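File shown here: query_10.tsv, holding TSV, N, CA and C atoms.
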```
chain	number	residue	atom	x	y	z
T	27	MET	N	97.86	104.16	48.99
T	27	MET	CA	99.16	103.89	49.54
T	27	MET	C	100.22	104.10	48.46
T	28	THR	N	101.34	104.62	48.86
T	28	THR	CA	102.43	104.83	47.93
T	28	THR	C	103.50	103.78	48.13
T	29	LYS	N	104.35	103.63	47.14
T	29	LYS	CA	105.46	102.69	47.24
T	29	LYS	C	106.42	103.17	48.33
T	30	SER	N	106.84	102.25	49.18
T	30	SER	CA	107.74	102.56	50.28
T	30	SER	C	108.87	101.55	50.31
T	31	THR	N	109.88	101.85	51.12
T	31	THR	CA	110.99	100.92	51.34
T	31	THR	C	110.95	100.46	52.79
T	32	ILE	N	111.13	99.16	52.98
T	32	ILE	CA	111.20	98.56	54.30
T	32	ILE	C	112.64	98.16	54.54
T	33	SER	N	113.27	98.72	55.56
T	33	SER	CA	114.64	98.35	55.92
T	33	SER	C	114.57	97.38	57.10
T	34	LEU	N	115.28	96.27	56.97
T	34	LEU	CA	115.36	95.29	58.05
T	34	LEU	C	116.66	95.54	58.78
T	35	GLY	N	116.58	96.20	59.92
T	35	GLY	CA	117.75	96.67	60.65
T	35	GLY	C	118.82	95.63	60.91
T	36	LYS	N	118.46	94.47	61.42
T	36	LYS	CA	119.45	93.45	61.78
T	36	LYS	C	120.06	92.77	60.57
T	37	ARG	N	119.38	92.79	59.45
T	37	ARG	CA	119.83	92.06	58.26
T	37	ARG	C	120.47	92.97	57.21
T	38	ASP	N	120.42	94.26	57.41
T	38	ASP	CA	120.93	95.21	56.42
T	38	ASP	C	120.33	94.91	55.04
T	39	VAL	N	119.00	94.71	55.02
T	39	VAL	CA	118.26	94.40	53.80
T	39	VAL	C	117.20	95.47	53.60
T	40	LYS	N	116.97	95.85	52.35
T	40	LYS	CA	115.90	96.79	52.01
T	40	LYS	C	114.95	96.11	51.03
T	41	LEU	N	113.66	96.23	51.31
T	41	LEU	CA	112.63	95.64	50.48
T	41	LEU	C	111.70	96.73	49.98
T	42	ASP	N	111.21	96.56	48.77
T	42	ASP	CA	110.19	97.47	48.26
T	42	ASP	C	108.83	97.05	48.80
T	43	TYR	N	108.03	98.03	49.20
T	43	TYR	CA	106.65	97.78	49.61
T	43	TYR	C	105.78	98.33	48.48
T	44	PRO	N	105.29	97.45	47.60
T	44	PRO	CA	104.48	97.92	46.47
T	44	PRO	C	103.20	98.61	46.93
T	45	ALA	N	102.77	99.59	46.19
T	45	ALA	CA	101.58	100.37	46.55
T	45	ALA	C	100.31	99.52	46.62
T	46	ASP	N	100.27	98.40	45.92
T	46	ASP	CA	99.06	97.58	45.91
T	46	ASP	C	99.08	96.44	46.94
T	47	SER	N	100.04	96.43	47.86
T	47	SER	CA	100.12	95.38	48.88
T	47	SER	C	99.06	95.58	49.95
T	48	ASN	N	98.63	94.48	50.54
T	48	ASN	CA	97.59	94.52	51.57
T	48	ASN	C	98.11	94.87	52.96
T	49	ASN	N	99.29	94.34	53.32
T	49	ASN	CA	99.84	94.60	54.65
T	49	ASN	C	101.32	94.24	54.68
T	50	LEU	N	101.98	94.61	55.75
T	50	LEU	CA	103.41	94.39	55.88
T	50	LEU	C	103.75	92.90	55.94
T	51	LEU	N	102.96	92.11	56.64
T	51	LEU	CA	103.21	90.68	56.74
T	51	LEU	C	103.23	90.03	55.36
T	52	GLU	N	102.29	90.39	54.52
T	52	GLU	CA	102.22	89.84	53.17
T	52	GLU	C	103.50	90.13	52.38
T	53	VAL	N	104.01	91.33	52.47
T	53	VAL	CA	105.23	91.71	51.75
T	53	VAL	C	106.43	90.95	52.29
T	54	LEU	N	106.53	90.81	53.61
T	54	LEU	CA	107.64	90.05	54.19
T	54	LEU	C	107.58	88.60	53.75
T	55	GLU	N	106.40	88.02	53.70
T	55	GLU	CA	106.25	86.64	53.24
T	55	GLU	C	106.64	86.50	51.77
T	56	GLN	N	106.29	87.46	50.95
T	56	GLN	CA	106.64	87.41	49.52
T	56	GLN	C	108.15	87.39	49.32
T	57	HIS	N	108.89	87.98	50.27
T	57	HIS	CA	110.35	88.00	50.19
T	57	HIS	C	110.98	86.89	51.04
T	58	GLN	N	110.19	85.92	51.46
T	58	GLN	CA	110.65	84.79	52.28
T	58	GLN	C	111.34	85.22	53.58
T	59	ILE	N	110.83	86.29	54.18
T	59	ILE	CA	111.32	86.75	55.49
T	59	ILE	C	110.40	86.13	56.54
T	60	PRO	N	110.91	85.23	57.38
T	60	PRO	CA	110.04	84.57	58.35
T	60	PRO	C	109.58	85.51	59.47
T	61	VAL	N	108.28	85.51	59.69
T	61	VAL	CA	107.66	86.30	60.76
T	61	VAL	C	106.60	85.41	61.42
T	62	GLU	N	106.62	85.36	62.74
T	62	GLU	CA	105.59	84.61	63.46
T	62	GLU	C	104.24	85.29	63.24
T	63	TYR	N	103.19	84.49	63.13
T	63	TYR	CA	101.84	85.03	63.04
T	63	TYR	C	100.85	83.93	63.42
T	64	GLN	N	99.65	84.32	63.76
T	64	GLN	CA	98.59	83.37	64.06
T	64	GLN	C	97.29	83.82	63.38
T	65	CYS	N	96.73	84.92	63.85
T	65	CYS	CA	95.36	85.29	63.45
T	65	CYS	C	95.27	86.08	62.15
T	66	ARG	N	96.30	86.83	61.80
T	66	ARG	CA	96.31	87.71	60.62
T	66	ARG	C	95.25	88.82	60.69
T	67	SER	N	94.80	89.15	61.89
T	67	SER	CA	93.78	90.20	62.03
T	67	SER	C	94.03	91.19	63.15
T	68	GLY	N	95.17	91.15	63.80
T	68	GLY	CA	95.46	92.10	64.87
T	68	GLY	C	94.92	91.72	66.23
T	69	TYR	N	94.48	90.47	66.40
T	69	TYR	CA	93.93	90.03	67.69
T	69	TYR	C	94.99	89.45	68.62
T	70	CYS	N	95.90	88.64	68.08
T	70	CYS	CA	96.77	87.85	68.96
T	70	CYS	C	98.10	88.52	69.29
T	71	GLY	N	98.62	89.35	68.41
T	71	GLY	CA	99.90	90.01	68.66
T	71	GLY	C	101.12	89.19	68.31
T	72	SER	N	100.95	88.01	67.71
T	72	SER	CA	102.09	87.16	67.38
T	72	SER	C	103.05	87.79	66.37
T	73	CYS	N	102.54	88.63	65.51
T	73	CYS	CA	103.38	89.24	64.46
T	73	CYS	C	103.98	90.58	64.89
T	74	ARG	N	104.01	90.82	66.19
T	74	ARG	CA	104.54	92.07	66.76
T	74	ARG	C	106.00	92.28	66.35
T	75	LEU	N	106.30	93.46	65.84
T	75	LEU	CA	107.66	93.84	65.45
T	75	LEU	C	107.98	95.21	66.06
T	76	THR	N	109.26	95.48	66.22
T	76	THR	CA	109.69	96.78	66.72
T	76	THR	C	109.95	97.71	65.54
T	77	LEU	N	109.30	98.86	65.58
T	77	LEU	CA	109.48	99.89	64.55
T	77	LEU	C	110.60	100.81	65.00
T	78	LEU	N	111.67	100.87	64.22
T	78	LEU	CA	112.83	101.70	64.57
T	78	LEU	C	112.73	103.10	63.98
T	79	LYS	N	112.21	103.20	62.76
T	79	LYS	CA	112.07	104.49	62.09
T	79	LYS	C	110.82	104.48	61.23
T	80	GLY	N	110.21	105.63	61.07
T	80	GLY	CA	109.05	105.76	60.21
T	80	GLY	C	107.74	105.60	60.95
T	81	GLU	N	106.66	105.55	60.17
T	81	GLU	CA	105.32	105.44	60.73
T	81	GLU	C	104.50	104.47	59.90
T	82	VAL	N	103.54	103.84	60.56
T	82	VAL	CA	102.61	102.94	59.88
T	82	VAL	C	101.19	103.37	60.16
T	83	ASP	N	100.28	102.93	59.32
T	83	ASP	CA	98.84	103.06	59.54
T	83	ASP	C	98.28	101.66	59.61
T	84	TYR	N	97.08	101.55	60.15
T	84	TYR	CA	96.43	100.26	60.29
T	84	TYR	C	95.19	100.18	59.44
T	85	LEU	N	94.99	99.02	58.82
T	85	LEU	CA	93.79	98.76	58.04
T	85	LEU	C	92.59	98.71	58.98
T	86	VAL	N	92.78	98.07	60.12
T	86	VAL	CA	91.81	98.02	61.22
T	86	VAL	C	92.59	98.21	62.50
T	87	SER	N	91.99	98.82	63.49
T	87	SER	CA	92.69	99.02	64.76
T	87	SER	C	92.96	97.68	65.41
T	88	PRO	N	94.23	97.41	65.75
T	88	PRO	CA	94.55	96.12	66.37
T	88	PRO	C	93.95	96.02	67.78
T	89	LEU	N	93.52	94.83	68.13
T	89	LEU	CA	93.00	94.59	69.47
T	89	LEU	C	94.09	94.12	70.42
T	90	ALA	N	95.17	93.56	69.88
T	90	ALA	CA	96.30	93.14	70.70
T	90	ALA	C	96.98	94.38	71.27
T	91	PHE	N	97.46	94.29	72.50
T	91	PHE	CA	98.16	95.40	73.13
T	91	PHE	C	99.54	95.54	72.51
T	92	ILE	N	99.88	96.75	72.09
T	92	ILE	CA	101.22	97.02	71.55
T	92	ILE	C	101.77	98.28	72.20
T	93	GLN	N	103.08	98.27	72.39
T	93	GLN	CA	103.78	99.43	72.93
T	93	GLN	C	103.92	100.51	71.84
T	94	HIS	N	104.36	101.68	72.25
T	94	HIS	CA	104.50	102.82	71.34
T	94	HIS	C	105.37	102.51	70.12
T	95	ASN	N	106.45	101.76	70.29
T	95	ASN	CA	107.38	101.48	69.19
T	95	ASN	C	107.14	100.12	68.55
T	96	GLU	N	106.01	99.50	68.82
T	96	GLU	CA	105.70	98.19	68.24
T	96	GLU	C	104.60	98.32	67.18
T	97	ILE	N	104.64	97.39	66.23
T	97	ILE	CA	103.62	97.34	65.18
T	97	ILE	C	103.18	95.89	65.00
T	98	LEU	N	102.02	95.70	64.43
T	98	LEU	CA	101.54	94.37	64.08
T	98	LEU	C	101.58	94.24	62.56
T	99	ALA	N	102.47	93.40	62.08
T	99	ALA	CA	102.71	93.29	60.64
T	99	ALA	C	101.47	92.83	59.86
T	100	CYS	N	100.58	92.09	60.51
T	100	CYS	CA	99.44	91.52	59.79
T	100	CYS	C	98.39	92.55	59.39
T	101	CYS	N	98.40	93.69	60.02
T	101	CYS	CA	97.32	94.64	59.73
T	101	CYS	C	97.81	96.08	59.57
T	102	CYS	N	99.10	96.26	59.29
T	102	CYS	CA	99.61	97.62	59.09
T	102	CYS	C	100.28	97.75	57.73
T	103	TYR	N	100.45	98.98	57.34
T	103	TYR	CA	101.19	99.29	56.12
T	103	TYR	C	101.97	100.58	56.37
T	104	PRO	N	103.12	100.75	55.73
T	104	PRO	CA	103.96	101.93	55.98
T	104	PRO	C	103.37	103.20	55.39
T	105	ARG	N	103.55	104.30	56.11
T	105	ARG	CA	103.15	105.63	55.59
T	105	ARG	C	104.21	106.16	54.63
T	106	GLY	N	105.37	105.63	54.70
T	106	GLY	CA	106.53	106.03	53.89
T	106	GLY	C	107.60	104.98	54.15
T	107	ASP	N	108.84	105.36	54.03
T	107	ASP	CA	109.92	104.42	54.32
T	107	ASP	C	109.96	104.11	55.81
T	108	ILE	N	110.17	102.84	56.15
T	108	ILE	CA	110.25	102.43	57.55
T	108	ILE	C	111.46	101.53	57.76
T	109	GLU	N	111.87	101.43	59.03
T	109	GLU	CA	112.91	100.46	59.42
T	109	GLU	C	112.35	99.67	60.58
T	110	ILE	N	112.46	98.33	60.47
T	110	ILE	CA	111.99	97.46	61.54
T	110	ILE	C	113.14	96.62	62.06
T	111	ASP	N	113.05	96.22	63.30
T	111	ASP	CA	114.08	95.43	63.95
T	111	ASP	C	113.80	93.96	63.68
T	112	LEU	N	114.31	93.49	62.57
T	112	LEU	CA	114.05	92.10	62.16
T	112	LEU	C	115.27	91.53	61.49
```

When written as structure tokens, how does the structure in this file appear?
Amino acid sequence: MTKSTISLGKRDVKLDYPADSNNLLEVLEQHQIPVEYQCRSGYCGSCRLTLLKGEVDYLVSPLAFIQHNEILACCCYPRGDIEIDL
């Protein structure tokens, strides 16, 4: 994984996503950005976010149902720079 930038659309904030991070949820938590979550494994869908720009990959395929423009922060990481509706 390469270093990426995460833009938080509603907050006009940009965060660095370090190359050694495990997932998007972990990085948001490190920056004290509150995100709902339960299982941390892609089962429940509580950490569902809307992806506005960019692409993500998944560490494991999520079992929770997600729409085309949605991502699960607990089990994804950015392919490059992304913007999320948060």

**Fill in**
Atom pair CA of Ser87 in chain T + atom N of Leu41 in chain T, distance 25.1 Å

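Closest to Leu77 in chain T among T:Ile32, T:Ile97, T:Val39, T:Cys102 is T:Ile97, based on all atoms listed in the file.
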
**Prompt:** Neighbours of Pro88 in chain T within 10 Å (only C-alpha atoms; same-chain residues fewer than 4 positions away dropped), as a ChimeraX atom specification?
**Reply:** /T:67-71,84,92,97-98,100-102

**Complete:** For Gly35 in chain T, the closest of T:Val86, T:Leu112, T:Leu50, T:Val61 counting only C-alpha atoms is T:Leu112

**Request:** May I have the residues within 12 Å of Leu54 in chain T as a PyMOL selection string, using only C-alpha atoms and disregarding those fewer than 6 positions away in the same chain?
**Result:** chain T and resi 31-34+39-44+47-48+60-63+73+75+99-100+103+110+112

What would the file look like if the residues just selected were written as a PDB file, keeping the file's coordinate frame with N, CA and C atoms?
```pdb
ATOM      1  N   THR T  31     109.880 101.850  51.120  1.00  0.00           N
ATOM      2  CA  THR T  31     110.990 100.920  51.340  1.00  0.00           C
ATOM      3  C   THR T  31     110.950 100.460  52.790  1.00  0.00           C
ATOM      4  N   ILE T  32     111.130  99.160  52.980  1.00  0.00           N
ATOM      5  CA  ILE T  32     111.200  98.560  54.300  1.00  0.00           C
ATOM      6  C   ILE T  32     112.640  98.160  54.540  1.00  0.00           C
ATOM      7  N   SER T  33     113.270  98.720  55.560  1.00  0.00           N
ATOM      8  CA  SER T  33     114.640  98.350  55.920  1.00  0.00           C
ATOM      9  C   SER T  33     114.570  97.380  57.100  1.00  0.00           C
ATOM     10  N   LEU T  34     115.280  96.270  56.970  1.00  0.00           N
ATOM     11  CA  LEU T  34     115.360  95.290  58.050  1.00  0.00           C
ATOM     12  C   LEU T  34     116.660  95.540  58.780  1.00  0.00           C
ATOM     13  N   VAL T  39     119.000  94.710  55.020  1.00  0.00           N
ATOM     14  CA  VAL T  39     118.260  94.400  53.800  1.00  0.00           C
ATOM     15  C   VAL T  39     117.200  95.470  53.600  1.00  0.00           C
ATOM     16  N   LYS T  40     116.970  95.850  52.350  1.00  0.00           N
ATOM     17  CA  LYS T  40     115.900  96.790  52.010  1.00  0.00           C
ATOM     18  C   LYS T  40     114.950  96.110  51.030  1.00  0.00           C
ATOM     19  N   LEU T  41     113.660  96.230  51.310  1.00  0.00           N
ATOM     20  CA  LEU T  41     112.630  95.640  50.480  1.00  0.00           C
ATOM     21  C   LEU T  41     111.700  96.730  49.980  1.00  0.00           C
ATOM     22  N   ASP T  42     111.210  96.560  48.770  1.00  0.00           N
ATOM     23  CA  ASP T  42     110.190  97.470  48.260  1.00  0.00           C
ATOM     24  C   ASP T  42     108.830  97.050  48.800  1.00  0.00           C
ATOM     25  N   TYR T  43     108.030  98.030  49.200  1.00  0.00           N
ATOM     26  CA  TYR T  43     106.650  97.780  49.610  1.00  0.00           C
ATOM     27  C   TYR T  43     105.780  98.330  48.480  1.00  0.00           C
ATOM     28  N   PRO T  44     105.290  97.450  47.600  1.00  0.00           N
ATOM     29  CA  PRO T  44     104.480  97.920  46.470  1.00  0.00           C
ATOM     30  C   PRO T  44     103.200  98.610  46.930  1.00  0.00           C
ATOM     31  N   SER T  47     100.040  96.430  47.860  1.00  0.00           N
ATOM     32  CA  SER T  47     100.120  95.380  48.880  1.00  0.00           C
ATOM     33  C   SER T  47      99.060  95.580  49.950  1.00  0.00           C
ATOM     34  N   ASN T  48      98.630  94.480  50.540  1.00  0.00           N
ATOM     35  CA  ASN T  48      97.590  94.520  51.570  1.00  0.00           C
ATOM     36  C   ASN T  48      98.110  94.870  52.960  1.00  0.00           C
ATOM     37  N   PRO T  60     110.910  85.230  57.380  1.00  0.00           N
ATOM     38  CA  PRO T  60     110.040  84.570  58.350  1.00  0.00           C
ATOM     39  C   PRO T  60     109.580  85.510  59.470  1.00  0.00           C
ATOM     40  N   VAL T  61     108.280  85.510  59.690  1.00  0.00           N
ATOM     41  CA  VAL T  61     107.660  86.300  60.760  1.00  0.00           C
ATOM     42  C   VAL T  61     106.600  85.410  61.420  1.00  0.00           C
ATOM     43  N   GLU T  62     106.620  85.360  62.740  1.00  0.00           N
ATOM     44  CA  GLU T  62     105.590  84.610  63.460  1.00  0.00           C
ATOM     45  C   GLU T  62     104.240  85.290  63.240  1.00  0.00           C
ATOM     46  N   TYR T  63     103.190  84.490  63.130  1.00  0.00           N
ATOM     47  CA  TYR T  63     101.840  85.030  63.040  1.00  0.00           C
ATOM     48  C   TYR T  63     100.850  83.930  63.420  1.00  0.00           C
ATOM     49  N   CYS T  73     102.540  88.630  65.510  1.00  0.00           N
ATOM     50  CA  CYS T  73     103.380  89.240  64.460  1.00  0.00           C
ATOM     51  C   CYS T  73     103.980  90.580  64.890  1.00  0.00           C
ATOM     52  N   LEU T  75     106.300  93.460  65.840  1.00  0.00           N
ATOM     53  CA  LEU T  75     107.660  93.840  65.450  1.00  0.00           C
ATOM     54  C   LEU T  75     107.980  95.210  66.060  1.00  0.00           C
ATOM     55  N   ALA T  99     102.470  93.400  62.080  1.00  0.00           N
ATOM     56  CA  ALA T  99     102.710  93.290  60.640  1.00  0.00           C
ATOM     57  C   ALA T  99     101.470  92.830  59.860  1.00  0.00           C
ATOM     58  N   CYS T 100     100.580  92.090  60.510  1.00  0.00           N
ATOM     59  CA  CYS T 100      99.440  91.520  59.790  1.00  0.00           C
ATOM     60  C   CYS T 100      98.390  92.550  59.390  1.00  0.00           C
ATOM     61  N   TYR T 103     100.450  98.980  57.340  1.00  0.00           N
ATOM     62  CA  TYR T 103     101.190  99.290  56.120  1.00  0.00           C
ATOM     63  C   TYR T 103     101.970 100.580  56.370  1.00  0.00           C
ATOM     64  N   ILE T 110     112.460  98.330  60.470  1.00  0.00           N
ATOM     65  CA  ILE T 110     111.990  97.460  61.540  1.00  0.00           C
ATOM     66  C   ILE T 110     113.140  96.620  62.060  1.00  0.00           C
ATOM     67  N   LEU T 112     114.310  93.490  62.570  1.00  0.00           N
ATOM     68  CA  LEU T 112     114.050  92.100  62.160  1.00  0.00           C
ATOM     69  C   LEU T 112     115.270  91.530  61.490  1.00  0.00           C
TER      70      LEU T 112
END
```

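A straight line drawn from CA of Ser30 in chain T to CA of Pro104 in chain T is 6.9 Å long.
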
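Atom pair CA of Glu81 in chain T / CA of Asp107 in chain T has a distance of 8.0 Å (rounded to one decimal).
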
**Request:** Please report, as a ChimeraX atom specification, each residue of chain T to which DSSP assigns helix (DSSP H, G or I) when run on this structure's backbone.
**Result:** /T:50-56,99-101

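Comparing the minimum interatomic distances between Asn49 in chain T and each of T:Gln93, T:Gln64, T:Arg105, T:Gly80, counting only C-alpha atoms, we find that T:Arg105 sits nearest.
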
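Minimum atom-to-atom distance to Asp46 in chain T, evaluated using all atoms listed in the file, belongs to T:Lys29 out of T:Lys29, T:Leu78, T:Ser72, T:Cys65.
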
Write range 46-57 of chain T as a PDB file, in the frame of the given file, completed to all heavy atoms.
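Written output follows (rebuild.pdb):
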```pdb
ATOM      1  N   ASP T  46     100.270  98.400  45.920  1.00  0.00           N
ATOM      2  CA  ASP T  46      99.060  97.580  45.910  1.00  0.00           C
ATOM      3  C   ASP T  46      99.080  96.440  46.940  1.00  0.00           C
ATOM      4  O   ASP T  46      98.219  95.576  46.932  1.00  0.00           O
ATOM      5  CB  ASP T  46      98.806  97.017  44.523  1.00  0.00           C
ATOM      6  CG  ASP T  46      99.939  96.121  44.031  1.00  0.00           C
ATOM      7  OD1 ASP T  46     101.025  96.107  44.647  1.00  0.00           O
ATOM      8  OD2 ASP T  46      99.735  95.430  43.017  1.00  0.00           O
ATOM      9  N   SER T  47     100.040  96.430  47.860  1.00  0.00           N
ATOM     10  CA  SER T  47     100.120  95.380  48.880  1.00  0.00           C
ATOM     11  C   SER T  47      99.060  95.580  49.950  1.00  0.00           C
ATOM     12  O   SER T  47      98.649  96.700  50.236  1.00  0.00           O
ATOM     13  CB  SER T  47     101.500  95.389  49.531  1.00  0.00           C
ATOM     14  OG  SER T  47     102.475  95.068  48.574  1.00  0.00           O
ATOM     15  N   ASN T  48      98.630  94.480  50.540  1.00  0.00           N
ATOM     16  CA  ASN T  48      97.590  94.520  51.570  1.00  0.00           C
ATOM     17  C   ASN T  48      98.110  94.870  52.960  1.00  0.00           C
ATOM     18  O   ASN T  48      97.434  95.560  53.712  1.00  0.00           O
ATOM     19  CB  ASN T  48      96.843  93.185  51.638  1.00  0.00           C
ATOM     20  CG  ASN T  48      96.017  92.944  50.406  1.00  0.00           C
ATOM     21  OD1 ASN T  48      95.421  93.872  49.870  1.00  0.00           O
ATOM     22  ND2 ASN T  48      96.001  91.720  49.940  1.00  0.00           N
ATOM     23  N   ASN T  49      99.290  94.340  53.320  1.00  0.00           N
ATOM     24  CA  ASN T  49      99.840  94.600  54.650  1.00  0.00           C
ATOM     25  C   ASN T  49     101.320  94.240  54.680  1.00  0.00           C
ATOM     26  O   ASN T  49     101.833  93.608  53.749  1.00  0.00           O
ATOM     27  CB  ASN T  49      99.051  93.849  55.738  1.00  0.00           C
ATOM     28  CG  ASN T  49      99.030  92.362  55.520  1.00  0.00           C
ATOM     29  OD1 ASN T  49     100.063  91.719  55.396  1.00  0.00           O
ATOM     30  ND2 ASN T  49      97.823  91.792  55.445  1.00  0.00           N
ATOM     31  N   LEU T  50     101.980  94.610  55.750  1.00  0.00           N
ATOM     32  CA  LEU T  50     103.410  94.390  55.880  1.00  0.00           C
ATOM     33  C   LEU T  50     103.750  92.900  55.940  1.00  0.00           C
ATOM     34  O   LEU T  50     104.719  92.451  55.333  1.00  0.00           O
ATOM     35  CB  LEU T  50     103.929  95.107  57.128  1.00  0.00           C
ATOM     36  CG  LEU T  50     105.409  94.981  57.435  1.00  0.00           C
ATOM     37  CD1 LEU T  50     106.265  95.494  56.285  1.00  0.00           C
ATOM     38  CD2 LEU T  50     105.733  95.748  58.713  1.00  0.00           C
ATOM     39  N   LEU T  51     102.960  92.110  56.640  1.00  0.00           N
ATOM     40  CA  LEU T  51     103.210  90.680  56.740  1.00  0.00           C
ATOM     41  C   LEU T  51     103.230  90.030  55.360  1.00  0.00           C
ATOM     42  O   LEU T  51     104.112  89.223  55.049  1.00  0.00           O
ATOM     43  CB  LEU T  51     102.157  90.013  57.629  1.00  0.00           C
ATOM     44  CG  LEU T  51     102.269  88.500  57.799  1.00  0.00           C
ATOM     45  CD1 LEU T  51     103.601  88.102  58.428  1.00  0.00           C
ATOM     46  CD2 LEU T  51     101.107  87.983  58.632  1.00  0.00           C
ATOM     47  N   GLU T  52     102.290  90.390  54.520  1.00  0.00           N
ATOM     48  CA  GLU T  52     102.220  89.840  53.170  1.00  0.00           C
ATOM     49  C   GLU T  52     103.500  90.130  52.380  1.00  0.00           C
ATOM     50  O   GLU T  52     104.036  89.257  51.704  1.00  0.00           O
ATOM     51  CB  GLU T  52     101.017  90.446  52.458  1.00  0.00           C
ATOM     52  CG  GLU T  52     100.807  89.953  51.056  1.00  0.00           C
ATOM     53  CD  GLU T  52      99.611  90.631  50.414  1.00  0.00           C
ATOM     54  OE1 GLU T  52      98.479  90.170  50.661  1.00  0.00           O
ATOM     55  OE2 GLU T  52      99.811  91.628  49.695  1.00  0.00           O
ATOM     56  N   VAL T  53     104.010  91.330  52.470  1.00  0.00           N
ATOM     57  CA  VAL T  53     105.230  91.710  51.750  1.00  0.00           C
ATOM     58  C   VAL T  53     106.430  90.950  52.290  1.00  0.00           C
ATOM     59  O   VAL T  53     107.258  90.446  51.523  1.00  0.00           O
ATOM     60  CB  VAL T  53     105.455  93.241  51.830  1.00  0.00           C
ATOM     61  CG1 VAL T  53     106.803  93.625  51.242  1.00  0.00           C
ATOM     62  CG2 VAL T  53     104.335  93.963  51.105  1.00  0.00           C
ATOM     63  N   LEU T  54     106.530  90.810  53.610  1.00  0.00           N
ATOM     64  CA  LEU T  54     107.640  90.050  54.190  1.00  0.00           C
ATOM     65  C   LEU T  54     107.580  88.600  53.750  1.00  0.00           C
ATOM     66  O   LEU T  54     108.613  88.006  53.407  1.00  0.00           O
ATOM     67  CB  LEU T  54     107.606  90.163  55.720  1.00  0.00           C
ATOM     68  CG  LEU T  54     107.880  91.565  56.279  1.00  0.00           C
ATOM     69  CD1 LEU T  54     107.615  91.607  57.775  1.00  0.00           C
ATOM     70  CD2 LEU T  54     109.299  92.015  55.968  1.00  0.00           C
ATOM     71  N   GLU T  55     106.400  88.020  53.700  1.00  0.00           N
ATOM     72  CA  GLU T  55     106.250  86.640  53.240  1.00  0.00           C
ATOM     73  C   GLU T  55     106.640  86.500  51.770  1.00  0.00           C
ATOM     74  O   GLU T  55     107.277  85.512  51.392  1.00  0.00           O
ATOM     75  CB  GLU T  55     104.805  86.173  53.432  1.00  0.00           C
ATOM     76  CG  GLU T  55     104.440  85.950  54.875  1.00  0.00           C
ATOM     77  CD  GLU T  55     102.987  85.579  55.066  1.00  0.00           C
ATOM     78  OE1 GLU T  55     102.117  86.056  54.283  1.00  0.00           O
ATOM     79  OE2 GLU T  55     102.714  84.809  55.985  1.00  0.00           O
ATOM     80  N   GLN T  56     106.290  87.460  50.950  1.00  0.00           N
ATOM     81  CA  GLN T  56     106.640  87.410  49.520  1.00  0.00           C
ATOM     82  C   GLN T  56     108.150  87.390  49.320  1.00  0.00           C
ATOM     83  O   GLN T  56     108.645  86.860  48.328  1.00  0.00           O
ATOM     84  CB  GLN T  56     106.027  88.597  48.783  1.00  0.00           C
ATOM     85  CG  GLN T  56     104.532  88.489  48.627  1.00  0.00           C
ATOM     86  CD  GLN T  56     103.904  89.768  48.101  1.00  0.00           C
ATOM     87  OE1 GLN T  56     104.567  90.783  47.911  1.00  0.00           O
ATOM     88  NE2 GLN T  56     102.601  89.718  47.874  1.00  0.00           N
ATOM     89  N   HIS T  57     108.890  87.980  50.270  1.00  0.00           N
ATOM     90  CA  HIS T  57     110.350  88.000  50.190  1.00  0.00           C
ATOM     91  C   HIS T  57     110.980  86.890  51.040  1.00  0.00           C
ATOM     92  O   HIS T  57     112.181  86.946  51.317  1.00  0.00           O
ATOM     93  CB  HIS T  57     110.869  89.371  50.648  1.00  0.00           C
ATOM     94  CG  HIS T  57     110.605  90.453  49.653  1.00  0.00           C
ATOM     95  ND1 HIS T  57     109.459  91.211  49.674  1.00  0.00           N
ATOM     96  CD2 HIS T  57     111.330  90.876  48.593  1.00  0.00           C
ATOM     97  CE1 HIS T  57     109.496  92.080  48.680  1.00  0.00           C
ATOM     98  NE2 HIS T  57     110.612  91.896  48.000  1.00  0.00           N
TER      99      HIS T  57
END
```
